[in-house]
Amino acid sequence: MRTLPVTLAAALSATLLLTACDDGGTGADDTKNADPSNGPAACALRDMDVEVGAGAAPAAGDTGNVTVTLTNQGAQCTLKGFPAVDLLADSSTTNVLPEEGAQAQPLTLGTGATTSFTITYVRGEDDPAKSLAVHAASFTLPGAPRDAHELKWSYGPVARQEDGGTVDATVSGFESSGD
């Protein structure tokens, strides 16, 4: 009769130990990643130097690239996601979607570190039914306050896809630059 209480006590202790180890399905990494106070803050545009370079599309139907290079002048920060890019025309604003199948990779930038992203577009005809007459592009960084950087667009109209509304343009994820 003495073995039943000892066996029961051992089983109860093991159950309590196992239950104490269960955190409801979130591991230490999940908790750390969910807590914004851990690790570098999201990068903010106010801390970035912005440079723009372009390989403009010379004629309708050609593909062009506009590369935006960011240099962090602030404290270490992290980019998690894609830049949000809008093309601005006189009467409308159109969102540029990430490249099909692209996966955003988190990128940590120390002071002085650089990164870049590229807007790839197809130059359109001078026909409002087939193209968007873009005069500027605006972008924000993921997870940062909604401060936007606007750049003048001097690369011609952007073609519309066959649906007549969506522009034929994409944005890449952030790429590491330098060492």
# chains A, B, ... in the order shown; residues from 1 in each chain; ligands from 1
call {"tool": "residues_around", "arguments": {"residues": "Ala59 (chain A)", "least_positions_apart": "6", "cutoff": "9 Å", "atoms": "only C-alpha atoms", "output": "number ranges by chain"}}
result
A: 123-125, 156
call {"tool": "write_last_selection", "arguments": {"atoms": "N, CA and C atoms", "output": "compact mmCIF listing (two decimals), in the first residue's frame"}}
result
# COMPACT_ATOMS: atom_id res chain seq x y z
N ARG A 123 8.45 51.29 -69.19
CA ARG A 123 8.07 52.62 -69.66
C ARG A 123 6.84 52.50 -70.55
N GLY A 124 5.92 53.41 -70.33
CA GLY A 124 4.67 53.39 -71.08
C GLY A 124 4.65 54.38 -72.23
N GLU A 125 3.57 54.32 -72.97
CA GLU A 125 3.34 55.26 -74.07
C GLU A 125 2.76 56.55 -73.49
N GLY A 156 9.73 59.10 -67.41
CA GLY A 156 8.65 58.87 -68.35
C GLY A 156 7.45 58.18 -67.72
call {"tool": "atom_distance", "arguments": {"atom1": "CA of Cys77 (chain A)", "atom2": "CA of Thr94 (chain A)"}}
result
28.3 Å
call {"tool": "residues_around", "arguments": {"residues": "region 106-117 of chain A", "least_positions_apart": "4", "cutoff": "8 Å", "atoms": "only C-alpha atoms", "output": "ChimeraX atom specification"}}
result
/A:40,67-81,83,171-178
call {"tool": "atom_distance", "arguments": {"atom1": "CA of Asp62 (chain A)", "atom2": "CA of Val122 (chain A)"}}
result
5.6 Å
call {"tool": "select_by_dssp", "arguments": {"residues": "region 51-135 of chain A", "states": "strand (DSSP E or B)", "output": "PDB file with N, CA and C atoms, in the first residue's frame"}}
result
ATOM      1  N   GLU A  51      20.049  58.386 -51.641  1.00  0.00           N
ATOM      2  CA  GLU A  51      20.590  58.658 -52.969  1.00  0.00           C
ATOM      3  C   GLU A  51      19.804  57.843 -53.976  1.00  0.00           C
ATOM      4  N   VAL A  52      19.563  58.427 -55.142  1.00  0.00           N
ATOM      5  CA  VAL A  52      18.793  57.756 -56.182  1.00  0.00           C
ATOM      6  C   VAL A  52      19.636  57.677 -57.447  1.00  0.00           C
ATOM      7  N   GLY A  53      19.662  56.495 -58.030  1.00  0.00           N
ATOM      8  CA  GLY A  53      20.334  56.275 -59.307  1.00  0.00           C
ATOM      9  C   GLY A  53      19.366  55.557 -60.226  1.00  0.00           C
ATOM     10  N   ALA A  54      19.434  55.848 -61.492  1.00  0.00           N
ATOM     11  CA  ALA A  54      18.476  55.238 -62.403  1.00  0.00           C
ATOM     12  C   ALA A  54      19.138  54.741 -63.673  1.00  0.00           C
ATOM     13  N   GLY A  55      18.606  53.647 -64.140  1.00  0.00           N
ATOM     14  CA  GLY A  55      18.869  53.130 -65.472  1.00  0.00           C
ATOM     15  C   GLY A  55      17.539  53.276 -66.185  1.00  0.00           C
ATOM     16  N   THR A  63      12.341  48.275 -70.197  1.00  0.00           N
ATOM     17  CA  THR A  63      12.360  48.156 -68.737  1.00  0.00           C
ATOM     18  C   THR A  63      13.432  49.063 -68.164  1.00  0.00           C
ATOM     19  N   GLY A  64      13.080  49.763 -67.092  1.00  0.00           N
ATOM     20  CA  GLY A  64      14.022  50.632 -66.410  1.00  0.00           C
ATOM     21  C   GLY A  64      14.101  50.288 -64.938  1.00  0.00           C
ATOM     22  N   ASN A  65      15.139  50.761 -64.292  1.00  0.00           N
ATOM     23  CA  ASN A  65      15.344  50.529 -62.861  1.00  0.00           C
ATOM     24  C   ASN A  65      15.689  51.845 -62.178  1.00  0.00           C
ATOM     25  N   VAL A  66      15.088  52.060 -61.027  1.00  0.00           N
ATOM     26  CA  VAL A  66      15.419  53.199 -60.177  1.00  0.00           C
ATOM     27  C   VAL A  66      15.885  52.601 -58.852  1.00  0.00           C
ATOM     28  N   THR A  67      17.154  52.798 -58.531  1.00  0.00           N
ATOM     29  CA  THR A  67      17.721  52.231 -57.310  1.00  0.00           C
ATOM     30  C   THR A  67      17.850  53.319 -56.255  1.00  0.00           C
ATOM     31  N   VAL A  68      17.302  53.024 -55.089  1.00  0.00           N
ATOM     32  CA  VAL A  68      17.352  53.938 -53.955  1.00  0.00           C
ATOM     33  C   VAL A  68      18.340  53.353 -52.951  1.00  0.00           C
ATOM     34  N   THR A  69      19.380  54.130 -52.635  1.00  0.00           N
ATOM     35  CA  THR A  69      20.388  53.693 -51.670  1.00  0.00           C
ATOM     36  C   THR A  69      20.215  54.495 -50.393  1.00  0.00           C
ATOM     37  N   LEU A  70      20.161  53.788 -49.268  1.00  0.00           N
ATOM     38  CA  LEU A  70      19.976  54.397 -47.957  1.00  0.00           C
ATOM     39  C   LEU A  70      21.227  54.173 -47.123  1.00  0.00           C
ATOM     40  N   THR A  71      21.719  55.226 -46.493  1.00  0.00           N
ATOM     41  CA  THR A  71      22.859  55.125 -45.585  1.00  0.00           C
ATOM     42  C   THR A  71      22.396  55.545 -44.200  1.00  0.00           C
ATOM     43  N   ASN A  72      22.542  54.635 -43.237  1.00  0.00           N
ATOM     44  CA  ASN A  72      22.086  54.887 -41.874  1.00  0.00           C
ATOM     45  C   ASN A  72      23.034  55.858 -41.170  1.00  0.00           C
ATOM     46  N   CYS A  77      19.710  49.904 -36.450  1.00  0.00           N
ATOM     47  CA  CYS A  77      18.276  49.726 -36.652  1.00  0.00           C
ATOM     48  C   CYS A  77      18.042  48.522 -37.551  1.00  0.00           C
ATOM     49  N   THR A  78      16.779  48.118 -37.659  1.00  0.00           N
ATOM     50  CA  THR A  78      16.430  46.933 -38.439  1.00  0.00           C
ATOM     51  C   THR A  78      15.335  47.242 -39.445  1.00  0.00           C
ATOM     52  N   LEU A  79      15.465  46.664 -40.631  1.00  0.00           N
ATOM     53  CA  LEU A  79      14.438  46.715 -41.671  1.00  0.00           C
ATOM     54  C   LEU A  79      13.818  45.322 -41.756  1.00  0.00           C
ATOM     55  N   ALA A  84       7.499  50.504 -48.766  1.00  0.00           N
ATOM     56  CA  ALA A  84       6.189  50.793 -49.342  1.00  0.00           C
ATOM     57  C   ALA A  84       6.388  51.916 -50.356  1.00  0.00           C
ATOM     58  N   VAL A  85       6.155  51.612 -51.631  1.00  0.00           N
ATOM     59  CA  VAL A  85       6.405  52.566 -52.704  1.00  0.00           C
ATOM     60  C   VAL A  85       5.083  52.916 -53.386  1.00  0.00           C
ATOM     61  N   ASP A  86       4.879  54.215 -53.599  1.00  0.00           N
ATOM     62  CA  ASP A  86       3.726  54.710 -54.348  1.00  0.00           C
ATOM     63  C   ASP A  86       4.225  55.539 -55.518  1.00  0.00           C
ATOM     64  N   LEU A  87       3.555  55.402 -56.661  1.00  0.00           N
ATOM     65  CA  LEU A  87       3.817  56.257 -57.810  1.00  0.00           C
ATOM     66  C   LEU A  87       2.722  57.313 -57.834  1.00  0.00           C
ATOM     67  N   LEU A  88       3.134  58.581 -57.940  1.00  0.00           N
ATOM     68  CA  LEU A  88       2.194  59.692 -57.866  1.00  0.00           C
ATOM     69  C   LEU A  88       1.999  60.307 -59.240  1.00  0.00           C
ATOM     70  N   ALA A  89       0.747  60.406 -59.660  1.00  0.00           N
ATOM     71  CA  ALA A  89       0.377  61.080 -60.900  1.00  0.00           C
ATOM     72  C   ALA A  89      -0.525  62.249 -60.518  1.00  0.00           C
ATOM     73  N   THR A  93      -2.758  58.022 -57.052  1.00  0.00           N
ATOM     74  CA  THR A  93      -1.584  57.424 -56.420  1.00  0.00           C
ATOM     75  C   THR A  93      -1.727  55.924 -56.565  1.00  0.00           C
ATOM     76  N   THR A  94      -0.669  55.259 -57.019  1.00  0.00           N
ATOM     77  CA  THR A  94      -0.707  53.818 -57.251  1.00  0.00           C
ATOM     78  C   THR A  94       0.387  53.134 -56.459  1.00  0.00           C
ATOM     79  N   ASN A  95       0.005  52.095 -55.711  1.00  0.00           N
ATOM     80  CA  ASN A  95       0.945  51.314 -54.914  1.00  0.00           C
ATOM     81  C   ASN A  95       1.736  50.377 -55.811  1.00  0.00           C
ATOM     82  N   VAL A  96       3.036  50.278 -55.564  1.00  0.00           N
ATOM     83  CA  VAL A  96       3.906  49.352 -56.307  1.00  0.00           C
ATOM     84  C   VAL A  96       4.090  48.109 -55.440  1.00  0.00           C
ATOM     85  N   LEU A  97       3.779  46.961 -55.992  1.00  0.00           N
ATOM     86  CA  LEU A  97       3.854  45.700 -55.259  1.00  0.00           C
ATOM     87  C   LEU A  97       5.265  45.118 -55.290  1.00  0.00           C
ATOM     88  N   PRO A  98       5.608  44.299 -54.281  1.00  0.00           N
ATOM     89  CA  PRO A  98       6.907  43.605 -54.308  1.00  0.00           C
ATOM     90  C   PRO A  98       6.998  42.663 -55.507  1.00  0.00           C
ATOM     91  N   LEU A 107      17.018  42.886 -42.073  1.00  0.00           N
ATOM     92  CA  LEU A 107      18.347  43.422 -42.300  1.00  0.00           C
ATOM     93  C   LEU A 107      18.643  44.440 -41.211  1.00  0.00           C
ATOM     94  N   THR A 108      19.746  44.235 -40.488  1.00  0.00           N
ATOM     95  CA  THR A 108      20.165  45.166 -39.442  1.00  0.00           C
ATOM     96  C   THR A 108      21.249  46.074 -40.000  1.00  0.00           C
ATOM     97  N   LEU A 109      21.071  47.385 -39.791  1.00  0.00           N
ATOM     98  CA  LEU A 109      22.019  48.380 -40.287  1.00  0.00           C
ATOM     99  C   LEU A 109      22.680  49.085 -39.114  1.00  0.00           C
ATOM    100  N   THR A 114      24.939  50.755 -45.392  1.00  0.00           N
ATOM    101  CA  THR A 114      24.044  51.086 -46.493  1.00  0.00           C
ATOM    102  C   THR A 114      23.237  49.884 -46.938  1.00  0.00           C
ATOM    103  N   THR A 115      22.111  50.178 -47.534  1.00  0.00           N
ATOM    104  CA  THR A 115      21.263  49.178 -48.161  1.00  0.00           C
ATOM    105  C   THR A 115      20.611  49.839 -49.363  1.00  0.00           C
ATOM    106  N   SER A 116      20.021  49.049 -50.222  1.00  0.00           N
ATOM    107  CA  SER A 116      19.323  49.620 -51.368  1.00  0.00           C
ATOM    108  C   SER A 116      18.127  48.754 -51.727  1.00  0.00           C
ATOM    109  N   PHE A 117      17.206  49.361 -52.459  1.00  0.00           N
ATOM    110  CA  PHE A 117      16.105  48.629 -53.065  1.00  0.00           C
ATOM    111  C   PHE A 117      15.899  49.211 -54.452  1.00  0.00           C
ATOM    112  N   THR A 118      15.242  48.442 -55.308  1.00  0.00           N
ATOM    113  CA  THR A 118      15.090  48.848 -56.703  1.00  0.00           C
ATOM    114  C   THR A 118      13.628  48.815 -57.119  1.00  0.00           C
ATOM    115  N   ILE A 119      13.221  49.886 -57.784  1.00  0.00           N
ATOM    116  CA  ILE A 119      11.904  49.945 -58.421  1.00  0.00           C
ATOM    117  C   ILE A 119      12.151  49.609 -59.884  1.00  0.00           C
ATOM    118  N   THR A 120      11.550  48.532 -60.351  1.00  0.00           N
ATOM    119  CA  THR A 120      11.675  48.125 -61.750  1.00  0.00           C
ATOM    120  C   THR A 120      10.356  48.447 -62.429  1.00  0.00           C
ATOM    121  N   TYR A 121      10.415  49.082 -63.580  1.00  0.00           N
ATOM    122  CA  TYR A 121       9.191  49.496 -64.262  1.00  0.00           C
ATOM    123  C   TYR A 121       9.318  49.323 -65.769  1.00  0.00           C
ATOM    124  N   VAL A 122       8.173  49.292 -66.437  1.00  0.00           N
ATOM    125  CA  VAL A 122       8.138  49.276 -67.893  1.00  0.00           C
ATOM    126  C   VAL A 122       7.660  50.656 -68.327  1.00  0.00           C
ATOM    127  N   ARG A 123       8.448  51.286 -69.185  1.00  0.00           N
ATOM    128  CA  ARG A 123       8.066  52.615 -69.662  1.00  0.00           C
ATOM    129  C   ARG A 123       6.841  52.498 -70.552  1.00  0.00           C
ATOM    130  N   SER A 131      -1.003  54.116 -69.861  1.00  0.00           N
ATOM    131  CA  SER A 131       0.124  54.448 -69.004  1.00  0.00           C
ATOM    132  C   SER A 131      -0.292  55.411 -67.902  1.00  0.00           C
ATOM    133  N   LEU A 132       0.537  55.467 -66.874  1.00  0.00           N
ATOM    134  CA  LEU A 132       0.353  56.415 -65.780  1.00  0.00           C
ATOM    135  C   LEU A 132       1.433  57.483 -65.904  1.00  0.00           C
ATOM    136  N   VAL A 134       3.525  59.488 -64.336  1.00  0.00           N
ATOM    137  CA  VAL A 134       4.100  59.624 -62.997  1.00  0.00           C
ATOM    138  C   VAL A 134       4.958  60.885 -62.930  1.00  0.00           C
ATOM    139  N   HIS A 135       4.797  61.654 -61.845  1.00  0.00           N
ATOM    140  CA  HIS A 135       5.648  62.830 -61.646  1.00  0.00           C
ATOM    141  C   HIS A 135       6.528  62.688 -60.406  1.00  0.00           C
TER     142      HIS A 135
END
call {"tool": "residues_around", "arguments": {"residues": "region 150-154 of chain A", "least_positions_apart": "6", "cutoff": "6 Å", "atoms": "only C-alpha atoms", "output": "ChimeraX atom specification"}}
result
/A:135-138
call {"tool": "select_by_dssp", "arguments": {"residues": "region 18-150 of chain A", "states": "helix (DSSP H, G or I)", "output": "PyMOL selection string"}}
result
chain A and resi 18-21+28-34+45-47
call {"tool": "write_last_selection", "arguments": {"atoms": "C-alpha atoms", "output": "mmCIF file, in the first residue's frame"}}
result
data_model
loop_
_atom_site.group_PDB
_atom_site.id
_atom_site.type_symbol
_atom_site.label_atom_id
_atom_site.label_comp_id
_atom_site.auth_asym_id
_atom_site.auth_seq_id
_atom_site.Cartn_x
_atom_site.Cartn_y
_atom_site.Cartn_z
ATOM 1 C CA LEU A 18 6.128 19.236 -17.592
ATOM 2 C CA THR A 19 3.296 21.749 -17.249
ATOM 3 C CA ALA A 20 5.699 24.364 -15.906
ATOM 4 C CA CYS A 21 7.809 23.958 -19.045
ATOM 5 C CA ALA A 28 11.868 32.091 -25.951
ATOM 6 C CA ASP A 29 12.676 33.257 -29.482
ATOM 7 C CA ASP A 30 9.007 34.013 -30.204
ATOM 8 C CA THR A 31 8.739 36.091 -27.043
ATOM 9 C CA LYS A 32 11.988 37.910 -27.799
ATOM 10 C CA ASN A 33 10.925 38.642 -31.376
ATOM 11 C CA ALA A 34 7.473 39.856 -30.331
ATOM 12 C CA LEU A 45 13.875 57.808 -42.772
ATOM 13 C CA ARG A 46 14.915 60.810 -40.665
ATOM 14 C CA ASP A 47 18.139 58.884 -39.888
#
call {"tool": "atom_distance", "arguments": {"atom1": "CA of Ala144 (chain A)", "atom2": "CA of Ala41 (chain A)"}}
result
8.7 Å
call {"tool": "decode", "arguments": {"residues": "region 55-93 of chain A", "atoms": "N, CA and C atoms", "output": "PDB file, in the first residue's frame"}}
result
ATOM      1  N   GLY A  55      18.606  53.647 -64.140  1.00  0.00           N
ATOM      2  CA  GLY A  55      18.869  53.130 -65.472  1.00  0.00           C
ATOM      3  C   GLY A  55      17.539  53.276 -66.185  1.00  0.00           C
ATOM      4  N   ALA A  56      17.249  54.496 -66.626  1.00  0.00           N
ATOM      5  CA  ALA A  56      15.934  54.811 -67.184  1.00  0.00           C
ATOM      6  C   ALA A  56      15.676  54.042 -68.473  1.00  0.00           C
ATOM      7  N   ALA A  57      14.407  53.679 -68.651  1.00  0.00           N
ATOM      8  CA  ALA A  57      13.991  53.013 -69.880  1.00  0.00           C
ATOM      9  C   ALA A  57      13.892  54.070 -70.984  1.00  0.00           C
ATOM     10  N   PRO A  58      14.612  53.895 -72.093  1.00  0.00           N
ATOM     11  CA  PRO A  58      14.650  54.936 -73.125  1.00  0.00           C
ATOM     12  C   PRO A  58      13.379  55.065 -73.969  1.00  0.00           C
ATOM     13  N   ALA A  59      12.626  53.986 -74.147  1.00  0.00           N
ATOM     14  CA  ALA A  59      11.461  54.038 -75.034  1.00  0.00           C
ATOM     15  C   ALA A  59      10.326  53.190 -74.466  1.00  0.00           C
ATOM     16  N   ALA A  60       9.124  53.454 -74.929  1.00  0.00           N
ATOM     17  CA  ALA A  60       7.953  52.686 -74.503  1.00  0.00           C
ATOM     18  C   ALA A  60       8.196  51.193 -74.712  1.00  0.00           C
ATOM     19  N   GLY A  61       7.857  50.417 -73.699  1.00  0.00           N
ATOM     20  CA  GLY A  61       8.052  48.966 -73.750  1.00  0.00           C
ATOM     21  C   GLY A  61       9.362  48.513 -73.141  1.00  0.00           C
ATOM     22  N   ASP A  62      10.312  49.428 -72.943  1.00  0.00           N
ATOM     23  CA  ASP A  62      11.598  49.090 -72.338  1.00  0.00           C
ATOM     24  C   ASP A  62      11.468  49.040 -70.815  1.00  0.00           C
ATOM     25  N   THR A  63      12.341  48.275 -70.197  1.00  0.00           N
ATOM     26  CA  THR A  63      12.360  48.156 -68.737  1.00  0.00           C
ATOM     27  C   THR A  63      13.432  49.063 -68.164  1.00  0.00           C
ATOM     28  N   GLY A  64      13.080  49.763 -67.092  1.00  0.00           N
ATOM     29  CA  GLY A  64      14.022  50.632 -66.410  1.00  0.00           C
ATOM     30  C   GLY A  64      14.101  50.288 -64.938  1.00  0.00           C
ATOM     31  N   ASN A  65      15.139  50.761 -64.292  1.00  0.00           N
ATOM     32  CA  ASN A  65      15.344  50.529 -62.861  1.00  0.00           C
ATOM     33  C   ASN A  65      15.689  51.845 -62.178  1.00  0.00           C
ATOM     34  N   VAL A  66      15.088  52.060 -61.027  1.00  0.00           N
ATOM     35  CA  VAL A  66      15.419  53.199 -60.177  1.00  0.00           C
ATOM     36  C   VAL A  66      15.885  52.601 -58.852  1.00  0.00           C
ATOM     37  N   THR A  67      17.154  52.798 -58.531  1.00  0.00           N
ATOM     38  CA  THR A  67      17.721  52.231 -57.310  1.00  0.00           C
ATOM     39  C   THR A  67      17.850  53.319 -56.255  1.00  0.00           C
ATOM     40  N   VAL A  68      17.302  53.024 -55.089  1.00  0.00           N
ATOM     41  CA  VAL A  68      17.352  53.938 -53.955  1.00  0.00           C
ATOM     42  C   VAL A  68      18.340  53.353 -52.951  1.00  0.00           C
ATOM     43  N   THR A  69      19.380  54.130 -52.635  1.00  0.00           N
ATOM     44  CA  THR A  69      20.388  53.693 -51.670  1.00  0.00           C
ATOM     45  C   THR A  69      20.215  54.495 -50.393  1.00  0.00           C
ATOM     46  N   LEU A  70      20.161  53.788 -49.268  1.00  0.00           N
ATOM     47  CA  LEU A  70      19.976  54.397 -47.957  1.00  0.00           C
ATOM     48  C   LEU A  70      21.227  54.173 -47.123  1.00  0.00           C
ATOM     49  N   THR A  71      21.719  55.226 -46.493  1.00  0.00           N
ATOM     50  CA  THR A  71      22.859  55.125 -45.585  1.00  0.00           C
ATOM     51  C   THR A  71      22.396  55.545 -44.200  1.00  0.00           C
ATOM     52  N   ASN A  72      22.542  54.635 -43.237  1.00  0.00           N
ATOM     53  CA  ASN A  72      22.086  54.887 -41.874  1.00  0.00           C
ATOM     54  C   ASN A  72      23.034  55.858 -41.170  1.00  0.00           C
ATOM     55  N   GLN A  73      22.517  56.994 -40.755  1.00  0.00           N
ATOM     56  CA  GLN A  73      23.291  57.978 -40.003  1.00  0.00           C
ATOM     57  C   GLN A  73      22.917  57.973 -38.521  1.00  0.00           C
ATOM     58  N   GLY A  74      21.987  57.117 -38.145  1.00  0.00           N
ATOM     59  CA  GLY A  74      21.542  57.041 -36.756  1.00  0.00           C
ATOM     60  C   GLY A  74      22.097  55.808 -36.065  1.00  0.00           C
ATOM     61  N   ALA A  75      21.443  55.423 -34.982  1.00  0.00           N
ATOM     62  CA  ALA A  75      21.826  54.228 -34.227  1.00  0.00           C
ATOM     63  C   ALA A  75      21.476  52.974 -35.027  1.00  0.00           C
ATOM     64  N   GLN A  76      22.009  51.848 -34.587  1.00  0.00           N
ATOM     65  CA  GLN A  76      21.714  50.571 -35.240  1.00  0.00           C
ATOM     66  C   GLN A  76      20.205  50.394 -35.311  1.00  0.00           C
ATOM     67  N   CYS A  77      19.710  49.904 -36.450  1.00  0.00           N
ATOM     68  CA  CYS A  77      18.276  49.726 -36.652  1.00  0.00           C
ATOM     69  C   CYS A  77      18.042  48.522 -37.551  1.00  0.00           C
ATOM     70  N   THR A  78      16.779  48.118 -37.659  1.00  0.00           N
ATOM     71  CA  THR A  78      16.430  46.933 -38.439  1.00  0.00           C
ATOM     72  C   THR A  78      15.335  47.242 -39.445  1.00  0.00           C
ATOM     73  N   LEU A  79      15.465  46.664 -40.631  1.00  0.00           N
ATOM     74  CA  LEU A  79      14.438  46.715 -41.671  1.00  0.00           C
ATOM     75  C   LEU A  79      13.818  45.322 -41.756  1.00  0.00           C
ATOM     76  N   LYS A  80      12.517  45.237 -41.512  1.00  0.00           N
ATOM     77  CA  LYS A  80      11.804  43.958 -41.585  1.00  0.00           C
ATOM     78  C   LYS A  80      10.619  44.134 -42.512  1.00  0.00           C
ATOM     79  N   GLY A  81      10.759  43.706 -43.732  1.00  0.00           N
ATOM     80  CA  GLY A  81       9.689  43.841 -44.710  1.00  0.00           C
ATOM     81  C   GLY A  81      10.184  44.540 -45.960  1.00  0.00           C
ATOM     82  N   PHE A  82       9.246  44.994 -46.766  1.00  0.00           N
ATOM     83  CA  PHE A  82       9.550  45.691 -48.013  1.00  0.00           C
ATOM     84  C   PHE A  82       9.323  47.187 -47.840  1.00  0.00           C
ATOM     85  N   PRO A  83      10.019  47.996 -48.631  1.00  0.00           N
ATOM     86  CA  PRO A  83       9.673  49.408 -48.641  1.00  0.00           C
ATOM     87  C   PRO A  83       8.286  49.561 -49.263  1.00  0.00           C
ATOM     88  N   ALA A  84       7.499  50.504 -48.766  1.00  0.00           N
ATOM     89  CA  ALA A  84       6.189  50.793 -49.342  1.00  0.00           C
ATOM     90  C   ALA A  84       6.388  51.916 -50.356  1.00  0.00           C
ATOM     91  N   VAL A  85       6.155  51.612 -51.631  1.00  0.00           N
ATOM     92  CA  VAL A  85       6.405  52.566 -52.704  1.00  0.00           C
ATOM     93  C   VAL A  85       5.083  52.916 -53.386  1.00  0.00           C
ATOM     94  N   ASP A  86       4.879  54.215 -53.599  1.00  0.00           N
ATOM     95  CA  ASP A  86       3.726  54.710 -54.348  1.00  0.00           C
ATOM     96  C   ASP A  86       4.225  55.539 -55.518  1.00  0.00           C
ATOM     97  N   LEU A  87       3.555  55.402 -56.661  1.00  0.00           N
ATOM     98  CA  LEU A  87       3.817  56.257 -57.810  1.00  0.00           C
ATOM     99  C   LEU A  87       2.722  57.313 -57.834  1.00  0.00           C
ATOM    100  N   LEU A  88       3.134  58.581 -57.940  1.00  0.00           N
ATOM    101  CA  LEU A  88       2.194  59.692 -57.866  1.00  0.00           C
ATOM    102  C   LEU A  88       1.999  60.307 -59.240  1.00  0.00           C
ATOM    103  N   ALA A  89       0.747  60.406 -59.660  1.00  0.00           N
ATOM    104  CA  ALA A  89       0.377  61.080 -60.900  1.00  0.00           C
ATOM    105  C   ALA A  89      -0.525  62.249 -60.518  1.00  0.00           C
ATOM    106  N   ASP A  90      -0.890  63.067 -61.479  1.00  0.00           N
ATOM    107  CA  ASP A  90      -1.706  64.241 -61.174  1.00  0.00           C
ATOM    108  C   ASP A  90      -3.002  63.899 -60.454  1.00  0.00           C
ATOM    109  N   SER A  91      -3.675  62.858 -60.891  1.00  0.00           N
ATOM    110  CA  SER A  91      -4.990  62.558 -60.323  1.00  0.00           C
ATOM    111  C   SER A  91      -5.062  61.251 -59.539  1.00  0.00           C
ATOM    112  N   SER A  92      -3.939  60.583 -59.349  1.00  0.00           N
ATOM    113  CA  SER A  92      -4.002  59.306 -58.633  1.00  0.00           C
ATOM    114  C   SER A  92      -2.663  58.932 -57.999  1.00  0.00           C
ATOM    115  N   THR A  93      -2.758  58.022 -57.052  1.00  0.00           N
ATOM    116  CA  THR A  93      -1.584  57.424 -56.420  1.00  0.00           C
ATOM    117  C   THR A  93      -1.727  55.924 -56.565  1.00  0.00           C
TER     118      THR A  93
END
